[in-house]
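Structure data (mmCIF, C-alpha atoms) from run_4.cif:
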```cif
data_model
#
loop_
_atom_site.label_atom_id
_atom_site.label_comp_id
_atom_site.auth_asym_id
_atom_site.auth_seq_id
_atom_site.Cartn_x
_atom_site.Cartn_y
_atom_site.Cartn_z
CA MET Y 624 128.01 71.95 72.52
CA SER Y 625 130.93 74.32 72.90
CA GLU Y 626 134.07 73.09 74.56
CA ALA Y 627 133.73 75.54 77.43
CA SER Y 628 130.32 74.27 78.47
CA GLN Y 629 131.08 70.58 78.05
CA GLY Y 630 130.60 68.76 81.29
CA ALA Y 631 130.50 72.05 83.11
CA GLU Y 632 127.88 73.20 85.57
CA ALA Y 633 125.57 76.02 84.60
CA PRO Y 634 127.31 79.38 85.13
CA THR Y 635 127.27 80.44 88.76
CA ASP Y 636 125.15 83.43 89.66
CA PRO Y 637 127.32 86.45 90.43
CA GLY Y 638 124.68 87.52 92.96
CA LEU Y 639 122.62 90.63 93.34
CA THR Y 640 124.21 94.07 93.37
CA VAL Y 641 122.31 96.94 94.99
CA ALA Y 642 123.92 100.39 95.14
CA GLY Y 643 127.36 98.92 94.51
CA ARG Y 644 127.05 96.26 97.18
CA THR Y 645 126.90 92.64 96.04
CA PHE Y 646 124.94 90.00 97.93
CA ARG Y 647 125.54 86.33 97.25
CA SER Y 648 121.87 85.36 97.32
CA ARG Y 649 118.94 86.84 95.40
CA LEU Y 650 116.68 85.82 98.23
CA MET Y 651 116.20 88.21 101.14
CA VAL Y 652 114.22 87.18 104.18
CA GLY Y 653 112.44 88.78 107.07
CA THR Y 654 112.93 87.88 110.70
CA GLY Y 655 109.38 88.35 112.00
CA LYS Y 656 106.71 85.90 113.16
CA TYR Y 657 108.99 83.00 114.08
CA ALA Y 658 107.96 80.80 117.00
CA ASP Y 659 111.43 81.23 118.51
CA ASN Y 660 114.85 82.63 117.63
CA ALA Y 661 116.52 79.24 117.23
CA THR Y 662 114.06 78.27 114.49
CA MET Y 663 114.50 81.67 112.86
CA ILE Y 664 118.27 81.30 112.66
CA ARG Y 665 118.11 77.79 111.21
CA ALA Y 666 115.45 78.77 108.68
CA ILE Y 667 117.47 81.78 107.54
CA GLU Y 668 120.59 79.65 107.25
CA ALA Y 669 118.65 77.10 105.19
CA SER Y 670 117.37 79.88 102.91
CA GLY Y 671 120.92 80.97 102.10
CA ALA Y 672 119.86 84.61 102.42
CA GLU Y 673 122.48 87.19 103.25
CA VAL Y 674 120.15 90.18 103.54
CA VAL Y 675 117.73 89.90 106.44
CA THR Y 676 115.23 92.58 107.32
CA VAL Y 677 114.66 93.83 110.84
CA ALA Y 678 112.22 96.27 112.40
CA VAL Y 679 112.88 99.10 114.85
CA ARG Y 680 110.85 98.97 118.03
CA ARG Y 681 110.95 100.12 121.62
CA VAL Y 682 113.14 98.12 123.99
CA ASP Y 683 110.92 96.19 126.36
CA LEU Y 684 111.87 97.80 129.65
CA ASP Y 685 110.03 95.14 131.63
CA ARG Y 686 112.14 92.43 129.97
CA THR Y 687 109.24 90.08 129.47
CA LYS Y 688 110.24 89.30 125.90
CA GLU Y 689 113.42 87.94 124.42
CA GLU Y 690 116.27 90.31 123.70
CA GLY Y 691 116.65 92.17 120.39
CA VAL Y 692 117.26 90.25 117.24
CA LEU Y 693 120.86 91.49 117.04
CA TYR Y 694 121.85 89.05 119.76
CA HIS Y 695 120.93 86.18 117.47
CA LEU Y 696 122.09 87.35 114.06
CA ASP Y 697 125.81 87.64 113.53
CA PRO Y 698 126.41 90.92 111.66
CA GLU Y 699 129.50 89.34 110.09
CA ARG Y 700 127.33 86.78 108.32
CA PHE Y 701 124.13 88.67 107.69
CA PHE Y 702 123.40 92.10 106.31
CA LEU Y 703 120.73 93.61 108.52
CA LEU Y 704 118.37 95.74 106.49
CA PRO Y 705 116.24 98.00 108.71
CA ASN Y 706 112.66 98.50 107.58
CA THR Y 707 110.04 101.12 108.34
CA ALA Y 708 107.24 98.57 108.67
CA GLY Y 709 104.18 99.71 110.54
CA CYS Y 710 104.52 103.35 109.50
CA TYR Y 711 101.50 105.09 108.00
CA THR Y 712 102.94 108.53 107.19
CA ALA Y 713 106.07 109.79 105.45
CA LYS Y 714 107.09 111.60 108.63
CA GLU Y 715 106.84 108.46 110.73
CA ALA Y 716 108.74 106.39 108.16
CA ILE Y 717 111.54 108.96 108.05
CA ARG Y 718 111.82 108.86 111.85
CA TYR Y 719 112.06 105.06 111.84
CA ALA Y 720 114.57 105.11 108.97
CA ARG Y 721 116.84 107.44 110.94
CA LEU Y 722 116.59 105.21 114.02
CA GLY Y 723 117.34 102.18 111.86
CA ARG Y 724 120.42 103.87 110.47
CA ALA Y 725 121.63 104.71 113.97
CA ALA Y 726 120.97 101.17 115.20
CA GLY Y 727 122.44 99.34 112.24
CA MET Y 728 125.09 101.71 110.99
CA THR Y 729 123.98 101.25 107.41
CA ASP Y 730 122.51 103.74 104.95
CA PHE Y 731 120.34 101.06 103.41
CA VAL Y 732 116.68 101.13 104.41
CA LYS Y 733 113.65 99.22 103.26
CA LEU Y 734 111.08 101.98 103.04
CA GLU Y 735 107.54 100.96 103.68
CA VAL Y 736 104.66 103.40 104.19
CA ILE Y 737 101.38 101.61 104.61
CA GLY Y 738 98.18 103.23 103.36
CA ASP Y 739 95.47 100.73 104.25
CA GLU Y 740 95.11 98.51 107.28
CA ASN Y 741 93.13 95.72 105.64
CA THR Y 742 95.33 95.11 102.64
CA LEU Y 743 98.55 96.67 103.98
CA LEU Y 744 98.91 98.19 100.54
CA PRO Y 745 101.44 101.01 100.49
CA ASP Y 746 100.54 104.70 100.39
CA LEU Y 747 102.30 105.47 97.12
CA HIS Y 748 102.19 109.25 97.51
CA ALA Y 749 103.66 109.11 101.02
CA THR Y 750 106.23 106.51 99.92
CA LEU Y 751 107.46 108.82 97.16
CA GLU Y 752 107.56 111.79 99.50
CA ALA Y 753 109.56 109.86 102.11
CA ALA Y 754 111.86 108.39 99.45
CA ARG Y 755 112.82 111.84 98.16
CA ILE Y 756 113.64 113.12 101.64
CA LEU Y 757 115.58 110.02 102.64
CA VAL Y 758 117.61 110.02 99.40
CA ASP Y 759 118.50 113.67 100.15
CA GLU Y 760 119.68 112.56 103.59
CA GLY Y 761 122.03 110.03 102.01
CA PHE Y 762 119.95 106.92 102.55
CA LYS Y 763 120.07 104.04 100.09
CA VAL Y 764 116.36 103.56 99.77
CA MET Y 765 114.82 100.25 98.75
CA ALA Y 766 111.17 101.12 98.33
CA TYR Y 767 108.26 98.77 98.90
CA THR Y 768 105.52 99.56 96.40
CA THR Y 769 102.63 98.09 94.45
CA ASP Y 770 102.99 96.65 90.96
CA ASP Y 771 102.15 100.07 89.49
CA LEU Y 772 104.66 100.91 86.76
CA VAL Y 773 104.34 104.69 87.00
CA THR Y 774 105.08 104.70 90.73
CA ALA Y 775 108.03 102.37 90.16
CA LEU Y 776 109.41 104.80 87.57
CA ARG Y 777 108.92 107.77 89.93
CA LEU Y 778 110.68 105.91 92.76
CA GLU Y 779 113.62 105.27 90.46
CA ASP Y 780 113.65 108.94 89.44
CA ALA Y 781 113.61 109.87 93.13
CA GLY Y 782 116.92 108.04 93.53
CA CYS Y 783 115.83 104.77 95.11
CA VAL Y 784 118.54 102.10 94.79
CA ALA Y 785 115.99 99.31 94.37
CA VAL Y 786 112.27 99.15 93.75
CA MET Y 787 110.31 96.45 95.54
CA PRO Y 788 106.90 95.78 94.05
CA LEU Y 789 104.62 93.28 95.76
CA ALA Y 790 103.63 89.93 94.32
CA SER Y 791 100.42 90.20 96.39
CA PRO Y 792 99.57 91.68 99.81
CA ILE Y 793 101.94 91.23 102.75
CA GLY Y 794 101.40 87.94 104.55
CA SER Y 795 98.69 86.82 102.11
CA GLY Y 796 100.59 83.97 100.45
CA LEU Y 797 98.56 84.56 97.29
CA GLY Y 798 101.62 84.38 95.05
CA LEU Y 799 102.31 86.49 91.97
CA VAL Y 800 98.95 87.97 90.96
CA ASN Y 801 100.14 90.14 88.08
CA PRO Y 802 103.16 88.75 86.24
CA PHE Y 803 102.66 91.16 83.34
CA TYR Y 804 102.99 94.27 85.51
CA ILE Y 805 106.03 92.85 87.27
CA ARG Y 806 107.68 92.04 83.93
CA GLU Y 807 106.90 95.51 82.64
CA ILE Y 808 108.44 97.13 85.74
CA LYS Y 809 111.55 94.99 85.27
CA ARG Y 810 111.75 95.90 81.59
CA ARG Y 811 111.53 99.61 82.26
CA LEU Y 812 113.71 100.16 85.33
CA GLN Y 813 117.49 100.34 85.52
CA VAL Y 814 117.72 99.77 89.29
CA PRO Y 815 117.21 96.27 90.69
CA VAL Y 816 113.62 95.09 90.98
CA ILE Y 817 113.10 92.92 94.04
CA VAL Y 818 109.66 91.46 94.52
CA ASP Y 819 108.62 91.87 98.13
CA ALA Y 820 105.60 90.24 99.77
CA GLY Y 821 102.94 87.76 98.76
CA VAL Y 822 104.95 84.65 97.98
CA GLY Y 823 103.27 81.66 99.67
CA THR Y 824 105.29 78.63 98.67
CA ALA Y 825 108.26 77.55 96.59
CA SER Y 826 106.41 77.49 93.25
CA ASP Y 827 105.42 81.16 93.80
CA ALA Y 828 109.07 82.06 94.35
CA CYS Y 829 110.10 80.19 91.24
CA VAL Y 830 107.40 81.73 89.02
CA THR Y 831 108.28 85.19 90.32
CA MET Y 832 111.98 84.76 89.57
CA GLU Y 833 111.10 83.41 86.12
CA GLN Y 834 109.72 86.86 85.28
CA GLY Y 835 113.32 88.09 85.27
CA VAL Y 836 113.27 90.15 88.44
CA ASP Y 837 116.53 90.61 90.31
CA GLY Y 838 115.49 89.27 93.67
CA LEU Y 839 112.84 88.29 96.15
CA LEU Y 840 112.04 89.25 99.71
CA MET Y 841 109.78 87.15 101.89
CA ASN Y 842 109.01 86.53 105.54
CA THR Y 843 105.71 84.83 106.33
CA ALA Y 844 106.05 82.12 103.67
CA ILE Y 845 109.01 80.72 105.60
CA ALA Y 846 108.13 81.74 109.15
CA ALA Y 847 104.55 80.45 108.99
CA ALA Y 848 105.33 77.17 107.22
CA ARG Y 849 104.76 74.06 109.32
CA ASP Y 850 108.51 73.42 109.03
CA PRO Y 851 110.24 76.77 108.47
CA ILE Y 852 113.68 75.21 108.08
CA SER Y 853 112.62 72.97 105.20
CA MET Y 854 110.68 75.84 103.64
CA GLY Y 855 113.78 78.04 103.91
CA ARG Y 856 115.70 75.52 101.86
CA ALA Y 857 112.80 75.10 99.42
CA MET Y 858 112.75 78.86 98.86
CA ARG Y 859 116.47 78.91 98.25
CA LEU Y 860 116.21 76.22 95.59
CA ALA Y 861 113.10 77.78 94.03
CA THR Y 862 114.71 81.21 93.82
CA GLU Y 863 117.78 79.74 92.17
CA ALA Y 864 115.69 77.54 89.86
CA GLY Y 865 113.52 80.47 88.78
CA ARG Y 866 116.55 82.64 88.08
CA LEU Y 867 118.23 79.90 86.10
CA ALA Y 868 115.07 79.16 84.11
CA PHE Y 869 114.74 82.85 83.26
CA LEU Y 870 118.34 83.00 82.05
CA ALA Y 871 117.94 79.72 80.17
CA GLY Y 872 114.93 81.07 78.28
CA ARG Y 873 111.84 78.93 78.30
CA MET Y 874 110.43 77.14 75.25
CA PRO Y 875 107.39 78.71 73.64
CA SER Y 876 104.14 77.32 74.98
CA ARG Y 877 101.48 76.22 72.51
CA GLU Y 878 98.06 74.71 72.91
CA MET Y 879 98.79 71.56 70.91
CA ALA Y 880 101.09 68.61 71.27
CA VAL Y 881 104.39 68.31 69.44
CA PRO Y 882 106.06 64.89 69.56
CA SER Y 883 109.44 64.68 71.24
CA SER Y 884 110.47 61.47 69.45
CA PRO Y 885 111.10 61.17 65.68
CA THR Y 886 108.01 60.54 63.57
CA THR Y 887 110.17 58.89 60.90
CA GLY Y 888 111.80 55.47 61.10
CA MET Y 889 108.68 53.83 62.45
CA LEU Y 890 108.20 50.11 61.65
CA ASP Y 891 105.71 49.05 58.95
CA MET O 1043 113.53 114.73 141.20
CA ILE O 1044 113.25 114.61 137.39
CA ARG O 1045 110.10 113.38 135.70
CA LEU O 1046 110.70 111.70 132.35
CA ARG O 1047 108.65 109.85 129.80
CA VAL O 1048 110.62 106.76 128.70
CA ASN O 1049 109.13 104.53 125.99
CA GLY O 1050 105.73 105.96 126.69
CA LYS O 1051 105.84 105.46 130.46
CA GLU O 1052 106.39 107.95 133.26
CA ARG O 1053 109.64 107.50 135.15
CA THR O 1054 111.29 109.53 137.84
CA MET O 1055 115.00 109.91 138.51
CA ASP O 1056 117.17 111.60 141.04
CA GLY O 1057 118.83 114.45 139.25
CA PRO O 1058 121.03 115.69 137.87
CA ALA O 1059 121.64 112.68 135.65
CA THR O 1060 122.97 111.91 132.20
CA VAL O 1061 121.31 109.71 129.59
CA GLN O 1062 124.01 107.13 130.23
CA GLU O 1063 123.04 107.03 133.90
CA LEU O 1064 119.41 106.51 132.93
CA LEU O 1065 120.42 103.57 130.71
CA HIS O 1066 122.45 102.16 133.57
CA ASP O 1067 119.42 102.40 135.88
CA LEU O 1068 117.42 100.50 133.27
CA LYS O 1069 120.20 97.91 132.97
CA LEU O 1070 120.67 98.68 129.29
CA HIS O 1071 124.04 98.65 127.59
CA PRO O 1072 124.52 101.83 125.52
CA ALA O 1073 125.85 99.77 122.57
CA THR O 1074 122.59 97.83 122.26
CA VAL O 1075 120.10 100.68 122.05
CA VAL O 1076 119.48 103.83 120.09
CA VAL O 1077 118.32 106.79 122.13
CA GLU O 1078 115.96 109.41 120.81
CA LEU O 1079 115.66 112.43 123.09
CA ASN O 1080 112.68 114.66 122.31
CA GLU O 1081 112.61 113.19 118.79
CA GLU O 1082 116.31 113.83 118.12
CA ILE O 1083 118.66 110.87 117.86
CA LEU O 1084 121.57 111.08 120.30
CA ASP O 1085 125.00 109.95 119.11
CA ARG O 1086 126.37 107.20 121.36
CA GLU O 1087 129.41 109.32 122.18
CA ARG O 1088 127.16 111.97 123.68
CA LEU O 1089 125.20 109.71 126.03
CA SER O 1090 127.55 110.39 128.91
CA GLU O 1091 127.47 114.17 128.35
CA VAL O 1092 123.81 114.93 127.75
CA ARG O 1093 121.75 115.43 130.86
CA VAL O 1094 118.10 114.58 131.09
CA LYS O 1095 115.80 117.28 132.34
CA ASP O 1096 112.29 117.45 133.69
CA GLY O 1097 109.68 116.73 131.03
CA ASP O 1098 112.09 115.03 128.57
CA GLN O 1099 110.66 112.37 126.30
CA LEU O 1100 112.97 109.48 125.53
CA GLU O 1101 112.59 106.57 123.17
CA LEU O 1102 114.95 103.64 123.58
CA VAL O 1103 114.79 101.39 120.55
CA HIS O 1104 116.54 98.40 119.04
CA PHE O 1105 116.10 95.90 116.22
CA VAL O 1106 113.44 93.23 116.51
CA GLY O 1107 112.23 90.60 114.07
CA GLY O 1108 110.40 92.06 111.09
CA GLY O 1109 109.72 91.56 107.41
#
```
Mind converting the file's structure to structure tokens?
Amino acid sequence: MSEASQGAEAPTDPGLTVAGRTFRSRLMVGTGKYADNATMIRAIEASGAEVVTVAVRRVDLDRTKEEGVLYHLDPERFFLLPNTAGCYTAKEAIRYARLGRAAGMTDFVKLEVIGDENTLLPDLHATLEAARILVDEGFKVMAYTTDDLVTALRLEDAGCVAVMPLASPIGSGLGLVNPFYIREIKRRLQVPVIVDAGVGTASDACVTMEQGVDGLLMNTAIAAARDPISMGRAMRLATEAGRLAFLAGRMPSREMAVPSSPTTGMLD
Amino acid sequence: MIRLRVNGKERTMDGPATVQELLHDLKLHPATVVVELNEEILDRERLSEVRVKDGDQLELVHFVGGG
């Protein structure tokens, strides 16, 4: 053991840098589907996330619902990342992105153009088209996509500041269905790869981070847990554990046993 | 009388009126909403200058919870 590492903690994670901006946590969380705003805040605090996603919607002029999410999330503590969720065309997504920029005063946008209602899988062609236009308009585009390598490469070429492939469909909780494709995307891209959607529980988060990706974004896994606050903390620990395990480098797996204790020095 | 479409619903106003006056009528603080007038985003500084006119379509949006 070297002197420097003796008795020391594992090196601290410098955080995740996207387009020159560094975030302390590799875990980003959504703010949708919570039973109430108080639970949402406590769950997000427990998750340690700094980046939280928000959607742009009409103000309820009848005031039957609670006020906008901005009243509950301190912009000094959280980085609000507007999304274009619910958009089905490039044109619509661009409109929502512009509104998000005006509402949040940030150039960052999580671009999402849905192509299919049942699976909520993205329309890759429309996503690319919207990404190109938004990049031209000065947006820092973080693009939600499938685990398709070629699309990920095209999104990077288009100038996206992060590419966000899914682990599995939005809200499904199916976990990481294709680790190989996610690893290949990470190997081939220069921009951060942040896996967005599909994580169901802490082990999914950990396995996903173990693939070497730069970050994770999730919403339902925390919001729909029986106890969102505990799940927020579990996701924080799992994200950190997965990152650390990736950096540590796992042992090779083999389909036979190898003894951990010496086979010599046994008694007669 | 000015007939407007605000967040998808018909609304009438005594004119002439500015966008800021419309927000005031709706009890909305200009700092908390983004206004899109006929699909063009209005800068906050212009809310007190721009007048609404008959047939205008307005969208008043803000951030809500989302993933």
CA of Asn1049 (chain O) and CA of Ile664 (chain Y) are how many Å apart? 28.3 Å
Nearby residues (only C-alpha atoms) at most 10 Å from Val1103 (chain O), same-chain spacing under 2 positions excluded, as a VMD selection string: (chain Y and resid 678 to 683 691 719 722 to 723 726) or (chain O and resid 1049 1074 to 1078 1100 to 1101 1105 to 1106)
Keeping only C-alpha atoms, write those residues as a PDB file, keeping the file's coordinate frame.
```pdb
ATOM      1  CA  ALA Y 678     112.220  96.270 112.400  1.00  0.00           C
ATOM      2  CA  VAL Y 679     112.880  99.100 114.850  1.00  0.00           C
ATOM      3  CA  ARG Y 680     110.850  98.970 118.030  1.00  0.00           C
ATOM      4  CA  ARG Y 681     110.950 100.120 121.620  1.00  0.00           C
ATOM      5  CA  VAL Y 682     113.140  98.120 123.990  1.00  0.00           C
ATOM      6  CA  ASP Y 683     110.920  96.190 126.360  1.00  0.00           C
ATOM      7  CA  GLY Y 691     116.650  92.170 120.390  1.00  0.00           C
ATOM      8  CA  TYR Y 719     112.060 105.060 111.840  1.00  0.00           C
ATOM      9  CA  LEU Y 722     116.590 105.210 114.020  1.00  0.00           C
ATOM     10  CA  GLY Y 723     117.340 102.180 111.860  1.00  0.00           C
ATOM     11  CA  ALA Y 726     120.970 101.170 115.200  1.00  0.00           C
TER      12      ALA Y 726
ATOM     13  CA  ASN O1049     109.130 104.530 125.990  1.00  0.00           C
ATOM     14  CA  THR O1074     122.590  97.830 122.260  1.00  0.00           C
ATOM     15  CA  VAL O1075     120.100 100.680 122.050  1.00  0.00           C
ATOM     16  CA  VAL O1076     119.480 103.830 120.090  1.00  0.00           C
ATOM     17  CA  VAL O1077     118.320 106.790 122.130  1.00  0.00           C
ATOM     18  CA  GLU O1078     115.960 109.410 120.810  1.00  0.00           C
ATOM     19  CA  LEU O1100     112.970 109.480 125.530  1.00  0.00           C
ATOM     20  CA  GLU O1101     112.590 106.570 123.170  1.00  0.00           C
ATOM     21  CA  PHE O1105     116.100  95.900 116.220  1.00  0.00           C
ATOM     22  CA  VAL O1106     113.440  93.230 116.510  1.00  0.00           C
TER      23      VAL O1106
END
```
Residue by residue, what does the PyMOL selection byres ((chain Y and resi 861) around 9) grab here? Present the result as a CSV table (one decimal) with C-alpha atoms, in the coordinates of the input.
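To be explicit, this is the file written out as expr_15.csv:
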```csv
chain,number,residue,atom,x,y,z
Y,825,ALA,CA,108.3,77.6,96.6
Y,826,SER,CA,106.4,77.5,93.2
Y,827,ASP,CA,105.4,81.2,93.8
Y,828,ALA,CA,109.1,82.1,94.4
Y,829,CYS,CA,110.1,80.2,91.2
Y,830,VAL,CA,107.4,81.7,89.0
Y,832,MET,CA,112.0,84.8,89.6
Y,856,ARG,CA,115.7,75.5,101.9
Y,857,ALA,CA,112.8,75.1,99.4
Y,858,MET,CA,112.8,78.9,98.9
Y,859,ARG,CA,116.5,78.9,98.2
Y,860,LEU,CA,116.2,76.2,95.6
Y,862,THR,CA,114.7,81.2,93.8
Y,863,GLU,CA,117.8,79.7,92.2
Y,864,ALA,CA,115.7,77.5,89.9
Y,865,GLY,CA,113.5,80.5,88.8
Y,866,ARG,CA,116.6,82.6,88.1
```
Can you tell me how far CA of Gly796 (chain Y) sits from CA of Val641 (chain Y), in Å to one decimal?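 Computing the Euclidean distance for CA of Gly796 (chain Y) and CA of Val641 (chain Y) yields 25.9 Å.
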Using only C-alpha atoms, find which residues of chain Y lie within 10 Å of chain O and jot them down as a ChimeraX atom specification. /Y:651-657,660,663,675-685,689-694,703-709,718-719,721-727,733,793-794,819-820,840-843
Residues within 9 Å of Thr640 (chain Y), please, as a ChimeraX atom specification. Count all atoms listed in the file; anything in the same chain fewer than 5 positions from it doesn't count. /Y:645-647,815,837
Which one of O:Gln1062, O:Glu1087, O:Arg1093, O:Asn1080 sits closest to Arg1047 (chain O) if you count all atoms listed in the file?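 Smallest distance to Arg1047 (chain O) is found for O:Asn1080.
When CA of Ser853 (chain Y) is paired with CA of Thr824 (chain Y), their separation reads 11.3 Å.
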Excluding Glu1063 (chain O) and its own-chain neighbours fewer than 3 positions away, which residues fall within 12 Å of it when counting only C-alpha atoms? Please give them as a list of chain:residue names. O:Met1055, O:Asp1056, O:Gly1057, O:Pro1058, O:Ala1059, O:Thr1060, O:His1066, O:Asp1067, O:Leu1068, O:Lys1069, O:Leu1070, O:His1071, O:Pro1072, O:Leu1089, O:Ser1090, O:Glu1091, O:Val1092, O:Arg1093, O:Val1094
Quick one: which residues end up in the PyMOL selection byres ((chain Y and resi 739) around 12) for this structure, as number ranges by chain? Y: 709-712, 736-738, 740-747, 792-793
Local residues around (102.7, 84.6, 101.1), at most 6 Å away, using all atoms listed in the file, as a ChimeraX atom specification: /Y:794-797,821-823,844
Coordinate excerpt as a PDB file, in the first residue's frame: region 1057-1071 of chain O, N, CA and C atoms:
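New file decode.pdb:
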```pdb
ATOM      1  N   GLY O1057     -60.782  46.681 -23.188  1.00  0.00           N
ATOM      2  CA  GLY O1057     -59.561  47.214 -23.791  1.00  0.00           C
ATOM      3  C   GLY O1057     -59.551  48.712 -23.760  1.00  0.00           C
ATOM      4  N   PRO O1058     -58.421  49.342 -24.145  1.00  0.00           N
ATOM      5  CA  PRO O1058     -57.160  48.657 -24.439  1.00  0.00           C
ATOM      6  C   PRO O1058     -56.477  48.198 -23.148  1.00  0.00           C
ATOM      7  N   ALA O1059     -55.693  47.116 -23.285  1.00  0.00           N
ATOM      8  CA  ALA O1059     -55.008  46.581 -22.108  1.00  0.00           C
ATOM      9  C   ALA O1059     -53.661  45.990 -22.508  1.00  0.00           C
ATOM     10  N   THR O1060     -52.737  46.014 -21.568  1.00  0.00           N
ATOM     11  CA  THR O1060     -51.427  45.409 -21.825  1.00  0.00           C
ATOM     12  C   THR O1060     -51.435  43.974 -21.294  1.00  0.00           C
ATOM     13  N   VAL O1061     -50.400  43.229 -21.663  1.00  0.00           N
ATOM     14  CA  VAL O1061     -50.269  41.854 -21.175  1.00  0.00           C
ATOM     15  C   VAL O1061     -50.143  41.877 -19.654  1.00  0.00           C
ATOM     16  N   GLN O1062     -49.399  42.858 -19.156  1.00  0.00           N
ATOM     17  CA  GLN O1062     -49.235  42.969 -17.704  1.00  0.00           C
ATOM     18  C   GLN O1062     -50.578  43.135 -16.995  1.00  0.00           C
ATOM     19  N   GLU O1063     -51.459  43.917 -17.603  1.00  0.00           N
ATOM     20  CA  GLU O1063     -52.794  44.108 -17.012  1.00  0.00           C
ATOM     21  C   GLU O1063     -53.607  42.818 -17.036  1.00  0.00           C
ATOM     22  N   LEU O1064     -53.427  42.056 -18.096  1.00  0.00           N
ATOM     23  CA  LEU O1064     -54.099  40.747 -18.165  1.00  0.00           C
ATOM     24  C   LEU O1064     -53.609  39.845 -17.029  1.00  0.00           C
ATOM     25  N   LEU O1065     -52.282  39.820 -16.824  1.00  0.00           N
ATOM     26  CA  LEU O1065     -51.719  38.991 -15.743  1.00  0.00           C
ATOM     27  C   LEU O1065     -52.260  39.449 -14.388  1.00  0.00           C
ATOM     28  N   HIS O1066     -52.363  40.747 -14.233  1.00  0.00           N
ATOM     29  CA  HIS O1066     -52.883  41.295 -12.987  1.00  0.00           C
ATOM     30  C   HIS O1066     -54.325  40.842 -12.753  1.00  0.00           C
ATOM     31  N   ASP O1067     -55.120  40.890 -13.813  1.00  0.00           N
ATOM     32  CA  ASP O1067     -56.515  40.406 -13.731  1.00  0.00           C
ATOM     33  C   ASP O1067     -56.571  38.948 -13.301  1.00  0.00           C
ATOM     34  N   LEU O1068     -55.580  38.176 -13.770  1.00  0.00           N
ATOM     35  CA  LEU O1068     -55.551  36.736 -13.471  1.00  0.00           C
ATOM     36  C   LEU O1068     -54.839  36.450 -12.153  1.00  0.00           C
ATOM     37  N   LYS O1069     -54.431  37.524 -11.472  1.00  0.00           N
ATOM     38  CA  LYS O1069     -53.708  37.412 -10.200  1.00  0.00           C
ATOM     39  C   LYS O1069     -52.416  36.609 -10.338  1.00  0.00           C
ATOM     40  N   LEU O1070     -51.722  36.871 -11.458  1.00  0.00           N
ATOM     41  CA  LEU O1070     -50.436  36.201 -11.676  1.00  0.00           C
ATOM     42  C   LEU O1070     -49.325  37.226 -11.601  1.00  0.00           C
ATOM     43  N   HIS O1071     -48.243  36.864 -10.903  1.00  0.00           N
ATOM     44  CA  HIS O1071     -47.096  37.754 -10.835  1.00  0.00           C
ATOM     45  C   HIS O1071     -46.248  37.545 -12.093  1.00  0.00           C
TER      46      HIS O1071
END
```
